[in-house]
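Single-structure report; data block below.
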Amino acid sequence: MKRLLLLAMLLLSPSLILAAEPGAAPLQKPKIPFQKQHEVRLSAGAWPTITDLSLPYFINKIDRTRIYESPTYATGAFTLSYDYRFKRWFDLGLAVSYYGEFNTAYSNIDRSKLGNQEMQFISVMPVVRFTWLNRPLVRMYSSLGIGMTVKTESRFAGLQRRHSRETVLSAHATLFGIAVGRALFGYAEVGAGMQGALIAGIGYRFNAQKRDAE
Amino acid sequence: MRRLISILAAVATICTMAGCRTSDGSEFNPTLAGYTHFEYVDKFVAGQLPVVRKLLLFDLYLSAESEEERTQIHNEYFYTFRIFEEEGLWHVVSSYTELIIDTGGSLLADEGTTWAFRYADEKYDTDDMPTITNNGTSDETGATRYALHVPSQVDLLLDITPKNTTSEGTKTSLRFDTCISGGGSLTVDYGSNHLNTTVMTFEATEPVHTSDPSISWFNSGTWSIRAVANNFTDVFEARYIGSESVMITCNGISREYCYTNRY
């Protein structure tokens with residue numbers, strides 16, 4: 001719940017700052033000379049949408065009865081991305097994401113510990129970003145990425161450890177994203193896909209505008 | 001320095017927010033494999049009984065003393081079926097199934113009679129047809145004992161008592177109260193890779209009962225089940241507790257499973 005509130009505050013705060021007072025004179029758009037930029041971002045996302053690639057023997061009905069499992073913990077989806085801003089409204093970049101789930105398997109026959117189980121996903125995807133609101137401190141955008149995800153899985157089927165590795169197409173769409181800051185900035189996104197449904201992160205712009213245009 | 005600390009704090013906060021517990025895990029349960037096997041045995045045995053009911057009704061049809069009575073039985077139990085005799089075999093045909101019965105010219109109600117039968121579209125493990133034999137009537141219970149033999153699958157003894165029941169406001173209906181003893185075997189392939197082929201043998205250590213195989217589940221009795229696969233041999237007991245739950249006992253540990261929504 002705390003996490004949701006924090007995210008909501010993060011998402012709402014810029015819109016409150018930007019909201020104009022009723023009756024106030026319309027603000028003049030500040031003119032910022034466009035400069036091509038590099039951007040590096042690091043984010044963490046909650047609730048990624050993961051394609052289930054389980055092999056048949058992993059979902060075998062009787063094998064599942066041989067073990068019991070500890071609670072499963074997820075790392076969250078971490079994404080490191082690089083973007084190049086070609087135009088005021090258009091970025092092209094590459095994102096690398098990681099997501100993992102971990103738990104422990106025990107024998108349903110004698111309670112003995114069998115070992116740790118893990119499921120890890122690494123995806124690489126080119127991303128296009130469309131910035132539809134540009135302000136000196138605030139940018140709002142949407143983005144779309146399509147790429148590949150490699151899943152490695154190590155878990156117990158019956159009482160034997162099985163390993164698998166598979167590669168599939170994956171995607172991520174950001175419906176709404178907001179970035180606040182200048183060279184160093186924080187950002188939050190709402191979307192769906194490998195990088196998570198709710199995302200927060202920090203980024204750094206090279207050749208960024210140091211001062212707002214007066 | 002302040003900026004670096006801020007960045008690290010932000011990163012730490014974000015990482016903490018993203019990680020979470022995605023499932024609660026499960027608890028130690030050595031009876032779970034037994035319950036999984038039991039579901040197959042229960043379904044398999046239940047699947048053998050509808051044909052028995054149909055054979056008993058067909059026997060009623062054949063034993064009708066008048067054409068009028070036969071028509072009445074046909075209308076009540078075989079309204080959507082076409083029944084005819086061809087080359088000494090009876091055919092009970094609906095839009096979906098065709099049951100072929102070799103009565104040998106005898107009524108199943110007569111002690112010692114054996115009927116052979118098969119569904120036209122069903123594949124059996126051998127060329128031998130399944131049979132049902134009337135082994136006589138028990139003086140104690142009044143039930144007629146039938147031996148059901150499906151080659152390389154089951155040999156069940158069925159103590160069946162026909163009962164006319166009348167619910168308030170509805171017409172009388174015929175039920176076949178059935179107690180099962182004996183046993184059988186079946187093979188289940190749990191995986192698509194054939195690594196988990198399991199052979200189950202089962203036997204009723206207490207008669208397994210249903211008030212009518214076509215309208216209710218088994219509600220009492222006990223199966224002793226042995227399931228053998230590549231790496232495992234499971235030996236356990238499944239005892240029906242009413243028609244909605246079953247107690248699975250394995251290595252001295254028991255657990256009750258509810259299965260109101262089965263199959």
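By convention here, the chains of the structure tokens are called A, B, ... in the order presented, each chain's residues are numbered starting at 1, and ligands are numbered starting at 1 in the order presented.
The list of residues with at least one atom within 6 Å of Ser81 of chain A, based on only C-alpha atoms and without residues fewer than 4 positions apart in the same chain, reads Val40, Arg41, Leu94 and Ala95 of chain A.
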If we count only C-alpha atoms and set the cut-off at 12 Å, which residues sit around segment 91-99 of chain B, ignoring sequence neighbours fewer than 4 positions away in its own chain? Please answer as a PyMOL selection string. chain B and resi 50-52+54-55+57-59+61+74+77-87+103+116-122+129-130
Convert the current residue selection to file output with N, CA and C atoms, as a compact mmCIF listing (two decimals), in the first residue's frame.
# COMPACT_ATOMS: atom_id res chain seq x y z
N PRO B 50 -21.83 -46.40 -16.08
CA PRO B 50 -23.01 -46.04 -16.88
C PRO B 50 -23.43 -47.15 -17.84
N VAL B 51 -22.47 -47.87 -18.39
CA VAL B 51 -22.83 -48.93 -19.33
C VAL B 51 -23.56 -50.07 -18.60
N VAL B 52 -23.18 -50.29 -17.34
CA VAL B 52 -23.85 -51.34 -16.55
C VAL B 52 -25.32 -50.96 -16.36
N LYS B 54 -27.07 -49.08 -18.25
CA LYS B 54 -27.77 -49.20 -19.53
C LYS B 54 -28.09 -50.67 -19.84
N LEU B 55 -27.16 -51.56 -19.50
CA LEU B 55 -27.39 -52.99 -19.74
C LEU B 55 -28.55 -53.50 -18.88
N LEU B 57 -31.06 -51.77 -17.77
CA LEU B 57 -32.31 -51.22 -18.33
C LEU B 57 -32.68 -51.97 -19.61
N PHE B 58 -31.66 -52.31 -20.38
CA PHE B 58 -31.94 -53.05 -21.61
C PHE B 58 -32.49 -54.43 -21.29
N ASP B 59 -32.01 -55.00 -20.19
CA ASP B 59 -32.54 -56.29 -19.76
C ASP B 59 -34.02 -56.17 -19.41
N TYR B 61 -36.03 -54.06 -20.72
CA TYR B 61 -36.67 -53.89 -22.04
C TYR B 61 -36.93 -55.26 -22.68
N HIS B 74 -39.31 -48.48 -23.36
CA HIS B 74 -38.57 -47.77 -24.41
C HIS B 74 -38.76 -46.26 -24.26
N TYR B 77 -36.85 -45.03 -20.91
CA TYR B 77 -35.39 -45.12 -20.76
C TYR B 77 -34.61 -45.06 -22.08
N PHE B 78 -35.28 -45.31 -23.19
CA PHE B 78 -34.56 -45.35 -24.48
C PHE B 78 -35.26 -44.48 -25.52
N TYR B 79 -35.84 -43.37 -25.04
CA TYR B 79 -36.66 -42.57 -25.93
C TYR B 79 -35.86 -42.05 -27.13
N THR B 80 -34.61 -41.72 -26.90
CA THR B 80 -33.80 -41.17 -28.00
C THR B 80 -32.95 -42.25 -28.67
N PHE B 81 -33.22 -43.51 -28.36
CA PHE B 81 -32.42 -44.61 -28.92
C PHE B 81 -33.23 -45.43 -29.93
N ARG B 82 -32.49 -46.00 -30.83
CA ARG B 82 -33.09 -46.96 -31.75
C ARG B 82 -32.54 -48.33 -31.37
N ILE B 83 -33.43 -49.28 -31.17
CA ILE B 83 -33.00 -50.62 -30.74
C ILE B 83 -33.40 -51.63 -31.82
N PHE B 84 -32.43 -52.42 -32.25
CA PHE B 84 -32.75 -53.45 -33.23
C PHE B 84 -31.79 -54.63 -33.07
N GLU B 85 -32.24 -55.79 -33.60
CA GLU B 85 -31.41 -56.99 -33.54
C GLU B 85 -30.90 -57.30 -34.94
N GLU B 86 -29.63 -57.64 -35.04
CA GLU B 86 -29.05 -57.95 -36.35
C GLU B 86 -28.00 -59.05 -36.17
N GLU B 87 -28.17 -60.12 -36.87
CA GLU B 87 -27.26 -61.26 -36.81
C GLU B 87 -26.99 -61.70 -35.37
N THR B 103 -26.35 -61.08 -26.19
CA THR B 103 -27.06 -61.61 -25.03
C THR B 103 -27.00 -63.14 -24.97
N ALA B 116 -21.92 -60.25 -23.47
CA ALA B 116 -20.73 -59.53 -23.94
C ALA B 116 -21.21 -58.24 -24.60
N PHE B 117 -20.45 -57.20 -24.49
CA PHE B 117 -20.89 -55.92 -25.05
C PHE B 117 -19.68 -55.08 -25.45
N ARG B 118 -19.94 -54.11 -26.29
CA ARG B 118 -18.90 -53.12 -26.61
C ARG B 118 -19.55 -51.92 -27.29
N TYR B 119 -18.90 -50.80 -27.16
CA TYR B 119 -19.33 -49.62 -27.91
C TYR B 119 -18.67 -49.67 -29.28
N ALA B 120 -19.42 -49.37 -30.30
CA ALA B 120 -18.91 -49.52 -31.66
C ALA B 120 -17.70 -48.63 -31.93
N ASP B 121 -17.66 -47.44 -31.30
CA ASP B 121 -16.58 -46.50 -31.62
C ASP B 121 -15.46 -46.50 -30.59
N GLU B 122 -15.50 -47.42 -29.64
CA GLU B 122 -14.49 -47.41 -28.58
C GLU B 122 -13.42 -48.46 -28.85
N MET B 129 -14.32 -58.96 -25.93
CA MET B 129 -15.31 -57.94 -25.53
C MET B 129 -15.47 -57.95 -24.02
N PRO B 130 -15.77 -56.79 -23.42
CA PRO B 130 -16.10 -56.77 -22.00
C PRO B 130 -17.35 -57.63 -21.75
Between atom CA of Asp91 of chain A and atom CA of Phe130 of chain A, what is the distance, to one decimal in Å?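 Interatomic distance here is 6.7 Å.
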Can you pull out every residue within 8 Å of Thr22 of chain B, counting only C-alpha atoms, but drop anything in the same chain fewer than 4 positions away, and send it as a ChimeraX atom specification? /A:71-74
Please produce a file of those selected residues containing N, CA and C atoms, as a PDB file, in the first residue's frame.
ATOM      1  N   PRO A  71       7.908 -19.535   0.195  1.00  0.00           N
ATOM      2  CA  PRO A  71       7.378 -18.388  -0.551  1.00  0.00           C
ATOM      3  C   PRO A  71       8.346 -17.954  -1.656  1.00  0.00           C
ATOM      4  N   THR A  72       7.788 -17.430  -2.721  1.00  0.00           N
ATOM      5  CA  THR A  72       8.612 -16.972  -3.841  1.00  0.00           C
ATOM      6  C   THR A  72       8.823 -15.461  -3.749  1.00  0.00           C
ATOM      7  N   TYR A  73      10.057 -15.062  -3.907  1.00  0.00           N
ATOM      8  CA  TYR A  73      10.377 -13.629  -3.887  1.00  0.00           C
ATOM      9  C   TYR A  73      10.887 -13.197  -5.257  1.00  0.00           C
ATOM     10  N   ALA A  74      10.433 -12.021  -5.659  1.00  0.00           N
ATOM     11  CA  ALA A  74      10.846 -11.500  -6.968  1.00  0.00           C
ATOM     12  C   ALA A  74      11.742 -10.289  -6.766  1.00  0.00           C
TER      13      ALA A  74
END
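Interatomic distance, atom CA of His38 of chain A against atom CA of Gly93 of chain A: 9.4 Å.
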Pick from A:Leu144, A:Leu184, A:Leu175, A:Met194: nearest to chain B, with only C-alpha atoms counted?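 Under the stated criterion, the closest residue is A:Leu184.
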Every residue of segment 98-157 of chain B that DSSP places in strand (DSSP E or B), as a list in words: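 In segment 98-157 of chain B, DSSP puts these residues in strand (DSSP E or B): Glu98, Leu99, Ile100, Ile101, Asp102, Thr114, Trp115, Ala116, Phe117, Arg118, Tyr119, Thr131, Ile132, Thr133, Asn134, Asn135, Gly136, Thr137, Thr144, Arg145, Tyr146, Ala147, Leu148, His149, Val150, Val154, Asp155, Leu156 and Leu157 of chain B.
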Go ahead and write the selection's residues with C-alpha atoms as a PDB file, in the first residue's frame.
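The resulting selection_4.pdb:
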ATOM      1  CA  GLU B  98     -23.835 -47.423 -30.525  1.00  0.00           C
ATOM      2  CA  LEU B  99     -23.846 -50.144 -27.889  1.00  0.00           C
ATOM      3  CA  ILE B 100     -23.618 -53.656 -29.282  1.00  0.00           C
ATOM      4  CA  ILE B 101     -24.766 -56.473 -27.005  1.00  0.00           C
ATOM      5  CA  ASP B 102     -24.431 -60.222 -27.388  1.00  0.00           C
ATOM      6  CA  THR B 114     -23.141 -63.669 -19.330  1.00  0.00           C
ATOM      7  CA  TRP B 115     -23.554 -60.837 -21.801  1.00  0.00           C
ATOM      8  CA  ALA B 116     -20.731 -59.534 -23.944  1.00  0.00           C
ATOM      9  CA  PHE B 117     -20.887 -55.919 -25.047  1.00  0.00           C
ATOM     10  CA  ARG B 118     -18.903 -53.118 -26.613  1.00  0.00           C
ATOM     11  CA  TYR B 119     -19.333 -49.618 -27.910  1.00  0.00           C
ATOM     12  CA  THR B 131     -18.598 -59.002 -20.233  1.00  0.00           C
ATOM     13  CA  ILE B 132     -21.092 -58.826 -17.429  1.00  0.00           C
ATOM     14  CA  THR B 133     -22.214 -61.963 -15.595  1.00  0.00           C
ATOM     15  CA  ASN B 134     -25.088 -62.497 -13.189  1.00  0.00           C
ATOM     16  CA  ASN B 135     -23.607 -64.335 -10.186  1.00  0.00           C
ATOM     17  CA  GLY B 136     -26.878 -64.719  -8.320  1.00  0.00           C
ATOM     18  CA  THR B 137     -28.759 -62.918  -5.590  1.00  0.00           C
ATOM     19  CA  THR B 144     -27.849 -59.215  -7.312  1.00  0.00           C
ATOM     20  CA  ARG B 145     -24.128 -59.677  -7.765  1.00  0.00           C
ATOM     21  CA  TYR B 146     -22.748 -58.950 -11.227  1.00  0.00           C
ATOM     22  CA  ALA B 147     -19.174 -59.544 -12.319  1.00  0.00           C
ATOM     23  CA  LEU B 148     -17.965 -56.859 -14.698  1.00  0.00           C
ATOM     24  CA  HIS B 149     -14.916 -57.842 -16.691  1.00  0.00           C
ATOM     25  CA  VAL B 150     -13.173 -55.383 -18.998  1.00  0.00           C
ATOM     26  CA  VAL B 154     -11.032 -54.178 -14.441  1.00  0.00           C
ATOM     27  CA  ASP B 155     -12.660 -57.066 -12.688  1.00  0.00           C
ATOM     28  CA  LEU B 156     -15.299 -55.591 -10.487  1.00  0.00           C
ATOM     29  CA  LEU B 157     -18.009 -57.252  -8.467  1.00  0.00           C
TER      30      LEU B 157
END
So the first atom is atom CA of Gln153 of chain B and the second is atom CA of Ser138 of chain B; what is the distance between them in Å, to one decimal place? 26.0 Å
Check the DSSP output for the backbone and give back, as number ranges by chain, the residues of segment 1-250 of chain B in alpha helix (DSSP H). B: 2-18, 32-62, 67-77
Residue hits in chain A, query chain B, radius 9 Å, only C-alpha atoms, as a short mmCIF file (atom, residue, chain, number, x, y, z; two decimals) with N, CA and C atoms, in the first residue's frame:
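selection_33.cif was written with the following content:
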data_model
loop_
_atom_site.label_atom_id
_atom_site.label_comp_id
_atom_site.auth_asym_id
_atom_site.auth_seq_id
_atom_site.Cartn_x
_atom_site.Cartn_y
_atom_site.Cartn_z
N ARG A 3 3.82 1.50 -1.07
CA ARG A 3 4.46 1.64 -2.38
C ARG A 3 3.53 2.33 -3.36
N LEU A 42 18.20 4.22 -15.37
CA LEU A 42 18.14 2.99 -14.56
C LEU A 42 16.81 2.98 -13.83
N SER A 43 16.07 1.90 -14.00
CA SER A 43 14.73 1.88 -13.37
C SER A 43 14.46 0.55 -12.71
N ALA A 44 13.49 0.57 -11.83
CA ALA A 44 12.97 -0.67 -11.24
C ALA A 44 11.47 -0.66 -11.44
N GLY A 45 10.93 -1.81 -11.82
CA GLY A 45 9.50 -1.89 -12.09
C GLY A 45 8.85 -3.02 -11.31
N ALA A 46 7.63 -2.78 -10.94
CA ALA A 46 6.87 -3.83 -10.24
C ALA A 46 5.88 -4.46 -11.22
N TRP A 47 5.56 -5.72 -10.97
CA TRP A 47 4.59 -6.49 -11.77
C TRP A 47 4.90 -6.54 -13.27
N PRO A 56 7.09 -28.75 -20.78
CA PRO A 56 6.02 -29.66 -20.34
C PRO A 56 6.33 -30.38 -19.04
N TYR A 57 7.59 -30.81 -18.86
CA TYR A 57 7.85 -31.55 -17.64
C TYR A 57 7.83 -30.68 -16.40
N ILE A 59 5.41 -28.62 -15.83
CA ILE A 59 4.02 -28.47 -15.42
C ILE A 59 3.36 -29.83 -15.24
N ASN A 60 4.16 -30.88 -15.25
CA ASN A 60 3.65 -32.22 -15.05
C ASN A 60 2.90 -32.30 -13.71
N LYS A 61 1.69 -32.83 -13.77
CA LYS A 61 0.81 -32.83 -12.60
C LYS A 61 1.37 -33.64 -11.44
N ILE A 62 1.90 -34.81 -11.72
CA ILE A 62 2.35 -35.67 -10.63
C ILE A 62 3.70 -35.22 -10.09
N ASP A 63 4.57 -34.69 -10.96
CA ASP A 63 5.86 -34.20 -10.49
C ASP A 63 5.69 -33.07 -9.48
N ARG A 64 4.68 -32.27 -9.71
CA ARG A 64 4.45 -31.14 -8.81
C ARG A 64 4.10 -31.59 -7.40
N THR A 65 3.54 -32.78 -7.29
CA THR A 65 3.12 -33.23 -5.95
C THR A 65 4.30 -33.72 -5.11
N ARG A 66 5.47 -33.91 -5.73
CA ARG A 66 6.61 -34.46 -4.99
C ARG A 66 7.34 -33.42 -4.17
N ILE A 67 7.08 -32.17 -4.44
CA ILE A 67 7.80 -31.13 -3.70
C ILE A 67 6.82 -30.13 -3.09
N TYR A 68 7.30 -29.42 -2.09
CA TYR A 68 6.59 -28.22 -1.66
C TYR A 68 7.59 -27.09 -1.61
N GLU A 69 7.09 -25.87 -1.65
CA GLU A 69 7.98 -24.74 -1.88
C GLU A 69 7.85 -23.65 -0.82
N SER A 70 8.94 -22.95 -0.59
CA SER A 70 8.91 -21.79 0.29
C SER A 70 8.24 -20.64 -0.48
N PRO A 71 7.91 -19.53 0.19
CA PRO A 71 7.38 -18.39 -0.55
C PRO A 71 8.35 -17.95 -1.66
N THR A 72 7.79 -17.43 -2.72
CA THR A 72 8.61 -16.97 -3.84
C THR A 72 8.82 -15.46 -3.75
N TYR A 73 10.06 -15.06 -3.91
CA TYR A 73 10.38 -13.63 -3.89
C TYR A 73 10.89 -13.20 -5.26
N ALA A 74 10.43 -12.02 -5.66
CA ALA A 74 10.85 -11.50 -6.97
C ALA A 74 11.74 -10.29 -6.77
N THR A 75 12.64 -10.09 -7.68
CA THR A 75 13.56 -8.96 -7.56
C THR A 75 12.93 -7.64 -8.00
N GLY A 76 11.86 -7.74 -8.75
CA GLY A 76 11.41 -6.56 -9.49
C GLY A 76 12.14 -6.54 -10.81
N ALA A 77 11.62 -5.77 -11.75
CA ALA A 77 12.26 -5.73 -13.07
C ALA A 77 13.18 -4.53 -13.15
N PHE A 78 14.46 -4.78 -13.30
CA PHE A 78 15.45 -3.69 -13.39
C PHE A 78 15.82 -3.47 -14.85
N GLU A 101 12.90 -14.60 -10.08
CA GLU A 101 12.06 -15.11 -8.99
C GLU A 101 12.82 -16.25 -8.32
N ASN A 103 12.90 -19.19 -4.95
CA ASN A 103 12.35 -19.85 -3.77
C ASN A 103 13.14 -21.12 -3.48
N TYR A 106 11.42 -28.24 -1.19
CA TYR A 106 11.59 -29.27 -0.18
C TYR A 106 10.87 -30.54 -0.64
N SER A 107 11.33 -31.67 -0.14
CA SER A 107 10.71 -32.94 -0.52
C SER A 107 9.38 -33.12 0.21
N ASN A 108 8.37 -33.53 -0.53
CA ASN A 108 7.06 -33.80 0.07
C ASN A 108 7.02 -35.21 0.66
N ILE A 109 8.15 -35.89 0.57
CA ILE A 109 8.19 -37.25 1.11
C ILE A 109 8.79 -37.24 2.52
N ASP A 110 9.90 -36.48 2.69
CA ASP A 110 10.55 -36.50 4.00
C ASP A 110 10.94 -35.12 4.50
N ARG A 111 10.43 -34.09 3.93
CA ARG A 111 10.68 -32.69 4.34
C ARG A 111 12.11 -32.23 4.08
N GLY A 158 9.54 -33.56 -9.88
CA GLY A 158 9.76 -34.77 -9.12
C GLY A 158 10.80 -34.41 -8.06
N GLY A 186 14.53 12.28 -12.33
CA GLY A 186 13.80 11.10 -11.87
C GLY A 186 12.62 10.88 -12.80
N GLY A 196 7.81 -3.95 -16.30
CA GLY A 196 6.95 -3.72 -15.15
C GLY A 196 5.75 -2.85 -15.47
N LEU A 198 4.39 -0.67 -13.11
CA LEU A 198 4.69 0.62 -12.49
C LEU A 198 6.20 0.72 -12.37
N ILE A 199 6.72 1.81 -12.90
CA ILE A 199 8.18 1.92 -12.99
C ILE A 199 8.63 3.25 -12.40
N ALA A 200 9.73 3.20 -11.68
CA ALA A 200 10.35 4.45 -11.21
C ALA A 200 11.85 4.34 -11.45
N GLY A 201 12.46 5.46 -11.73
CA GLY A 201 13.89 5.37 -11.99
C GLY A 201 14.57 6.72 -12.00
N ILE A 202 15.88 6.66 -12.21
CA ILE A 202 16.65 7.89 -12.34
C ILE A 202 17.43 7.83 -13.65
#
Quick one: residues within 7 Å of Leu174 of chain B, only C-alpha atoms, excluding same-chain residues fewer than 6 positions away - as a PyMOL selection string? chain B and resi 162-165
Counting only C-alpha atoms, the residue of B:Ser216, B:Ser224, B:Thr187, B:Ser211 that sits nearest Tyr40 of chain B: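 Going through B:Ser216, B:Ser224, B:Thr187, B:Ser211 one by one, the smallest distance to Tyr40 of chain B is for B:Thr187.
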For segment 114-117 of chain A, list every protein, DNA or RNA residue within 6 Å, evaluated using only C-alpha atoms, and leave out those in the same chain fewer than 3 positions away; present the list as an NGL selection string. :A and (102-106 or 154-155)
For Val208 of chain B, work out the shell of residues within 7 Å, counting only C-alpha atoms and skipping chain neighbours fewer than 3 positions away, then give it as an MDAnalysis selection string. chainID B and resid 179:181 204 218 220:222
For those residues, write all heavy atoms to a file as a PDB file, in the first residue's frame.
ATOM      1  N   CYS B 179     -22.930 -51.417  -4.907  1.00  0.00           N
ATOM      2  CA  CYS B 179     -21.760 -51.574  -4.035  1.00  0.00           C
ATOM      3  C   CYS B 179     -20.680 -52.306  -4.829  1.00  0.00           C
ATOM      4  O   CYS B 179     -20.939 -53.377  -5.377  1.00  0.00           O
ATOM      5  CB  CYS B 179     -22.112 -52.407  -2.811  1.00  0.00           C
ATOM      6  SG  CYS B 179     -22.535 -51.408  -1.406  1.00  0.00           S
ATOM      7  N   ILE B 180     -19.486 -51.736  -4.854  1.00  0.00           N
ATOM      8  CA  ILE B 180     -18.423 -52.312  -5.680  1.00  0.00           C
ATOM      9  C   ILE B 180     -17.369 -52.985  -4.816  1.00  0.00           C
ATOM     10  O   ILE B 180     -16.896 -52.397  -3.834  1.00  0.00           O
ATOM     11  CB  ILE B 180     -17.730 -51.212  -6.512  1.00  0.00           C
ATOM     12  CG1 ILE B 180     -18.758 -50.487  -7.372  1.00  0.00           C
ATOM     13  CG2 ILE B 180     -16.617 -51.788  -7.371  1.00  0.00           C
ATOM     14  CD1 ILE B 180     -18.204 -49.278  -8.065  1.00  0.00           C
ATOM     15  N   SER B 181     -17.010 -54.191  -5.175  1.00  0.00           N
ATOM     16  CA  SER B 181     -15.814 -54.805  -4.591  1.00  0.00           C
ATOM     17  C   SER B 181     -14.945 -55.280  -5.757  1.00  0.00           C
ATOM     18  O   SER B 181     -15.337 -55.167  -6.917  1.00  0.00           O
ATOM     19  CB  SER B 181     -16.194 -55.936  -3.639  1.00  0.00           C
ATOM     20  OG  SER B 181     -17.168 -56.770  -4.204  1.00  0.00           O
ATOM     21  N   ALA B 204     -10.890 -52.577  -3.865  1.00  0.00           N
ATOM     22  CA  ALA B 204     -11.796 -52.049  -2.834  1.00  0.00           C
ATOM     23  C   ALA B 204     -11.614 -52.866  -1.559  1.00  0.00           C
ATOM     24  O   ALA B 204     -11.920 -54.050  -1.537  1.00  0.00           O
ATOM     25  CB  ALA B 204     -13.233 -52.121  -3.315  1.00  0.00           C
ATOM     26  N   PHE B 218     -19.592 -41.705  -5.719  1.00  0.00           N
ATOM     27  CA  PHE B 218     -19.381 -42.675  -4.652  1.00  0.00           C
ATOM     28  C   PHE B 218     -19.425 -41.941  -3.312  1.00  0.00           C
ATOM     29  O   PHE B 218     -18.889 -40.842  -3.185  1.00  0.00           O
ATOM     30  CB  PHE B 218     -18.019 -43.365  -4.822  1.00  0.00           C
ATOM     31  CG  PHE B 218     -17.903 -44.104  -6.127  1.00  0.00           C
ATOM     32  CD1 PHE B 218     -16.882 -43.822  -7.016  1.00  0.00           C
ATOM     33  CD2 PHE B 218     -18.815 -45.085  -6.482  1.00  0.00           C
ATOM     34  CE1 PHE B 218     -16.768 -44.490  -8.225  1.00  0.00           C
ATOM     35  CE2 PHE B 218     -18.721 -45.757  -7.698  1.00  0.00           C
ATOM     36  CZ  PHE B 218     -17.699 -45.454  -8.571  1.00  0.00           C
ATOM     37  N   SER B 220     -19.249 -43.859  -0.046  1.00  0.00           N
ATOM     38  CA  SER B 220     -18.571 -44.571   1.042  1.00  0.00           C
ATOM     39  C   SER B 220     -17.732 -45.687   0.437  1.00  0.00           C
ATOM     40  O   SER B 220     -17.887 -46.034  -0.737  1.00  0.00           O
ATOM     41  CB  SER B 220     -19.594 -45.136   2.036  1.00  0.00           C
ATOM     42  OG  SER B 220     -20.371 -46.135   1.421  1.00  0.00           O
ATOM     43  N   GLY B 221     -16.863 -46.238   1.278  1.00  0.00           N
ATOM     44  CA  GLY B 221     -15.989 -47.300   0.797  1.00  0.00           C
ATOM     45  C   GLY B 221     -14.540 -46.851   0.741  1.00  0.00           C
ATOM     46  O   GLY B 221     -14.240 -45.658   0.926  1.00  0.00           O
ATOM     47  N   THR B 222     -13.662 -47.801   0.506  1.00  0.00           N
ATOM     48  CA  THR B 222     -12.221 -47.501   0.520  1.00  0.00           C
ATOM     49  C   THR B 222     -11.504 -48.211  -0.625  1.00  0.00           C
ATOM     50  O   THR B 222     -11.738 -49.398  -0.867  1.00  0.00           O
ATOM     51  CB  THR B 222     -11.595 -47.975   1.856  1.00  0.00           C
ATOM     52  OG1 THR B 222     -12.317 -47.381   2.935  1.00  0.00           O
ATOM     53  CG2 THR B 222     -10.130 -47.601   1.948  1.00  0.00           C
TER      54      THR B 222
END
One residue among B:Val188, B:Ala143, B:Ala229, B:Trp217 is nearest to Glu244 of chain B when using only C-alpha atoms, and that residue is B:Trp217
